[in-house]
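Structure first, commentary second.
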Amino acid sequence: MAARLLKTSSMSRRTKLLHQTGLSLYNTSHGFHEEEVKKKLQQFPGGSVDLQKEDSGIGILTLNNPSKRNAFSGVMMLQLLEKVIELENWTEGRGLIVRGANNTFSSGSDLNVVKAVGTPEDGVALCMFMQNTLTRLMRLPLISVALVQGWALGGGAEFITACDFRLMTRESEIRFVHKKMGLVPSWGGATRLAGIIGSRQALKVLSGALKLDSELALNLGMVDEVLKSSDETECLKEAQEWLKQFTEGPLEVIRALKKSVSSGKELCFQEALQTERDLVGTLWGGPANLEAIASKARLSPLSCK
C-alpha cells in the first residue's frame, strides 16, 4: 500500500530533491559547471576537513586549518563536498557535530581563494558550489549541531546556519562580516539566517555586521545553548551529550523525523503534507512501531486485568 502511494505521488522538482540524496540545487541548466569550479579550487591547498564516524551513529566533522583560523582553502571546499557525500551514503548515521580545530570554528574563506575568484562569473560559480554543498548538508537525514568555539566569521557564520542547532561557548563570537567586504552572504547564509531568527532580526545582524556574543546570540535564538566549558575536549563531550537527547531511539524514526521537518521547511504546505504521509507509510506497522505498541499494551492497566 505504502509503495503504491509513493509511486503514484506527483512530486515537484523540489520534492524530488528532498526525497533523493546526491542531487544539487544547480547544474548546467543554470550555467553551473561543477568540474570547472573543482579544477580552480584544487589550485589552493591547505588544511583539511576531517570526518569521524562513531559506532553510536554520530559523526564529527572537523574544519582543520588552525594556522588560518580554520579558513576554507579551495581544497577544503572540495573535501567538504566529499564528506557530505560520504554522510549521504552513511545509512547508520543519526547525528552530526560540526566543529573547528583548536578552539576556533572558522574565519570563512581563505583570502587567497577570494583574490583568485576575481570576476563576477567566478564569484557566482563559487557561490553556487558552496550553496550546493551546504544545502546537501542541511538536507542530510541526520540531526546536526554546530559547536561554535572562538570565532565563526563570514563563511564560518554562514556554515553554522546550515546545521539544525547551534551550541556556543561563553567567550565565542559569531559575526557576518560580509558588508565590510562589500558583499552579501554567498553560501546561503542570509536566506537560512532569516529562517532561524526572522527577517527583521536577520537584517539587523547583516546590515549592522553585528558581533554576536553568546548572550546576544542566545537571546536572538541564533544558538540553542551556551556551554559551561571552554576546553576543547570538554566542549565536545558536552555537545555529544546535548545531541544525544535528540538522537536516541529507533534509527529509522530519527532519520524520518529529520526528513519530515526538512520538507516542512522547504516545501509548500501541500507538498510537505504529502512527504509526511509518505514517511508515515515507511514506518506504520514497522518494527519500531509494533514494538512501541506492544510495550504500551504490556504497561496498560487494562492488560493487567
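In the C-alpha cells, each chain is lettered A, B, ... as it comes, each chain's residues begin at 1, and ligands are numbered from 1 in order of appearance.
The neighbours of Phe176 in chain A here are the residues that come within 8 Å of it, using only C-alpha atoms and leaving out any residue fewer than 2 positions away in the same chain; they are Leu153, Gly154, Gly155, Ala157, Glu158, Ile174, His178, Lys179, Pro185, Val205, Leu206, Ala209, Leu210 and Lys211 of chain A.
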Show me, as a tab-separated table, the residues of range 193-275 of chain A having an atom within 12 Å of range 80-95 of chain A, each with the closest atom pair and its distance in Å, using only C-alpha atoms.
```
residue	atom	partner	partner_atom	distance
A:Ala239	CA	A:Gly95	CA	11.2
A:Gln240	CA	A:Gly95	CA	9.4
A:Glu241	CA	A:Gly95	CA	11.7
A:Trp242	CA	A:Gly95	CA	11.2
A:Leu243	CA	A:Gly95	CA	7.5
A:Lys244	CA	A:Gly95	CA	8.4
A:Gln245	CA	A:Gly95	CA	10.8
A:Phe246	CA	A:Gly95	CA	8.6
A:Thr247	CA	A:Arg94	CA	6.2
A:Glu248	CA	A:Arg94	CA	8.7
A:Gly249	CA	A:Arg94	CA	9.7
A:Pro250	CA	A:Arg94	CA	9.5
A:Leu251	CA	A:Arg94	CA	6.5
A:Glu252	CA	A:Arg94	CA	8.7
A:Val253	CA	A:Arg94	CA	9.6
A:Ile254	CA	A:Arg94	CA	6.6
A:Arg255	CA	A:Arg94	CA	6.4
A:Ala256	CA	A:Arg94	CA	10.2
A:Leu257	CA	A:Arg94	CA	10.6
A:Lys258	CA	A:Arg94	CA	9.4
A:Lys259	CA	A:Arg94	CA	11.6
```
**Study point:** Long-range neighbours of Lys265 in chain A as a ChimeraX atom specification, 9 Å cut-off, only C-alpha atoms, 5 positions minimum in chain
**Key:** /A:195,260,272
**Study point:** 8 Å contact set for range 191-193 of chain A, only C-alpha atoms, chain neighbours under 4 positions out, as an MDAnalysis selection string
**Key:** chainID A and resid 161:162 197:199 202
Exercise for review: List every residue of range 42-177 of chain A that DSSP, applied to the backbone, labels as strand (DSSP E), and write the result as a ChimeraX atom specification.
Suggested key: /A:48-53,58-64,95-100,143-148,151-153,165-168,173-175
Export C-alpha atoms of the chosen residues as an mmCIF file, in the first residue's frame?
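Just written: again36.cif:
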```cif
data_model
loop_
_atom_site.group_PDB
_atom_site.id
_atom_site.type_symbol
_atom_site.label_atom_id
_atom_site.label_comp_id
_atom_site.auth_asym_id
_atom_site.auth_seq_id
_atom_site.Cartn_x
_atom_site.Cartn_y
_atom_site.Cartn_z
ATOM 1 C CA SER A 48 41.604 19.592 5.700
ATOM 2 C CA VAL A 49 38.026 18.659 6.518
ATOM 3 C CA ASP A 50 38.047 15.537 8.678
ATOM 4 C CA LEU A 51 35.167 13.173 9.377
ATOM 5 C CA GLN A 52 34.967 10.698 12.233
ATOM 6 C CA LYS A 53 32.006 8.305 12.214
ATOM 7 C CA ILE A 58 27.147 10.286 15.491
ATOM 8 C CA GLY A 59 29.548 11.879 13.032
ATOM 9 C CA ILE A 60 32.101 14.540 13.979
ATOM 10 C CA LEU A 61 33.061 16.868 11.123
ATOM 11 C CA THR A 62 36.137 18.992 11.891
ATOM 12 C CA LEU A 63 37.355 22.039 9.951
ATOM 13 C CA ASN A 64 41.112 21.805 10.323
ATOM 14 C CA GLY A 95 23.520 12.799 14.189
ATOM 15 C CA LEU A 96 26.347 15.152 13.244
ATOM 16 C CA ILE A 97 28.538 17.585 15.176
ATOM 17 C CA VAL A 98 30.369 20.243 13.138
ATOM 18 C CA ARG A 99 33.327 21.922 14.818
ATOM 19 C CA GLY A 100 36.627 23.670 14.178
ATOM 20 C CA ILE A 143 20.241 15.812 13.254
ATOM 21 C CA SER A 144 23.126 18.272 13.132
ATOM 22 C CA VAL A 145 24.603 20.736 15.590
ATOM 23 C CA ALA A 146 27.346 23.312 15.083
ATOM 24 C CA LEU A 147 29.751 23.613 18.001
ATOM 25 C CA VAL A 148 30.952 27.228 17.971
ATOM 26 C CA TRP A 151 35.184 32.795 16.027
ATOM 27 C CA ALA A 152 32.593 31.927 13.402
ATOM 28 C CA LEU A 153 33.099 34.753 10.899
ATOM 29 C CA PHE A 165 21.109 23.501 16.062
ATOM 30 C CA ARG A 166 23.961 25.657 17.329
ATOM 31 C CA LEU A 167 25.877 25.494 20.602
ATOM 32 C CA MET A 168 28.331 28.164 21.690
ATOM 33 C CA GLU A 173 31.654 35.256 18.731
ATOM 34 C CA ILE A 174 29.540 34.944 15.580
ATOM 35 C CA ARG A 175 29.747 37.699 13.011
#
```
Review point. Which residue out of A:Cys163, A:Ala217, A:Leu25, A:Leu111 has the minimum interatomic distance to Met130 in chain A when only C-alpha atoms are used?
Key: A:Leu25
Review point. Tell me, which residues of range 64-272 of chain A carry DSSP alpha helix (DSSP H), written as an NGL selection string?
Key: :A and (74-88 or 111-116 or 120-138 or 155-160 or 189-197 or 199-207 or 214-220 or 232-247 or 251-266 or 269-272)
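The residue that comes closest to Pro120 in chain A, out of A:Ala294, A:Glu36, A:Ser207, A:Leu183 and on the basis of only C-alpha atoms, is A:Leu183.
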Check your understanding: Excluding same-chain residues fewer than 2 positions from Pro66 in chain A, what lies within 12 Å of it counting only C-alpha atoms, as a VMD selection string?
Key -> chain A and resid 46 to 49 62 to 64 68 to 73 100 to 107 110 150 to 151
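Of the residues under consideration (A:Ala116, A:Leu283, A:Met128, A:Met76), A:Met128 shows the shortest atom-to-atom contact distance to His30 in chain A when counting only C-alpha atoms.
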**Study point:** Residue neighbourhood Asp231 in chain A, 10 Å, only C-alpha atoms, exclusion window fewer than 3 positions, as a VMD selection string
**Key:** chain A and resid 102 to 103 149 169 228 234 to 237
Mind writing the picked residues with N, CA and C atoms as a PDB file, in the first residue's frame?
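Listed below is the output, selection.pdb:
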```
ATOM      1  N   ASN A 102      41.264  23.388  17.255  1.00  0.00           N
ATOM      2  CA  ASN A 102      41.989  24.366  18.096  1.00  0.00           C
ATOM      3  C   ASN A 102      41.120  25.518  18.598  1.00  0.00           C
ATOM      4  N   ASN A 103      39.933  25.176  19.085  1.00  0.00           N
ATOM      5  CA  ASN A 103      39.074  26.162  19.751  1.00  0.00           C
ATOM      6  C   ASN A 103      38.646  27.345  18.877  1.00  0.00           C
ATOM      7  N   GLN A 149      33.161  27.435  18.862  1.00  0.00           N
ATOM      8  CA  GLN A 149      34.193  27.862  19.801  1.00  0.00           C
ATOM      9  C   GLN A 149      35.016  28.941  19.112  1.00  0.00           C
ATOM     10  N   THR A 169      30.304  28.430  23.072  1.00  0.00           N
ATOM     11  CA  THR A 169      30.978  28.647  24.350  1.00  0.00           C
ATOM     12  C   THR A 169      30.797  30.113  24.753  1.00  0.00           C
ATOM     13  N   LYS A 228      28.939  25.161  29.274  1.00  0.00           N
ATOM     14  CA  LYS A 228      29.599  25.517  30.530  1.00  0.00           C
ATOM     15  C   LYS A 228      31.106  25.619  30.368  1.00  0.00           C
ATOM     16  N   GLU A 234      36.342  19.070  26.564  1.00  0.00           N
ATOM     17  CA  GLU A 234      35.132  19.075  27.379  1.00  0.00           C
ATOM     18  C   GLU A 234      33.937  19.609  26.596  1.00  0.00           C
ATOM     19  N   CYS A 235      34.173  20.599  25.744  1.00  0.00           N
ATOM     20  CA  CYS A 235      33.091  21.148  24.908  1.00  0.00           C
ATOM     21  C   CYS A 235      32.509  20.083  23.998  1.00  0.00           C
ATOM     22  N   LEU A 236      33.385  19.285  23.402  1.00  0.00           N
ATOM     23  CA  LEU A 236      32.913  18.232  22.515  1.00  0.00           C
ATOM     24  C   LEU A 236      32.075  17.216  23.287  1.00  0.00           C
ATOM     25  N   LYS A 237      32.511  16.877  24.492  1.00  0.00           N
ATOM     26  CA  LYS A 237      31.741  15.956  25.335  1.00  0.00           C
ATOM     27  C   LYS A 237      30.368  16.533  25.663  1.00  0.00           C
TER      28      LYS A 237
END
```
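Distances from A:Gly31, A:Val261, A:Trp187, A:Asp213 to Glu121 in chain A were compared using only C-alpha atoms, and the smallest one belongs to A:Gly31.
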Point to revise | Pairwise distance for CA of Val37 in chain A and CA of Asn65 in chain A, rounded to one decimal in Å | key: 21.2 Å
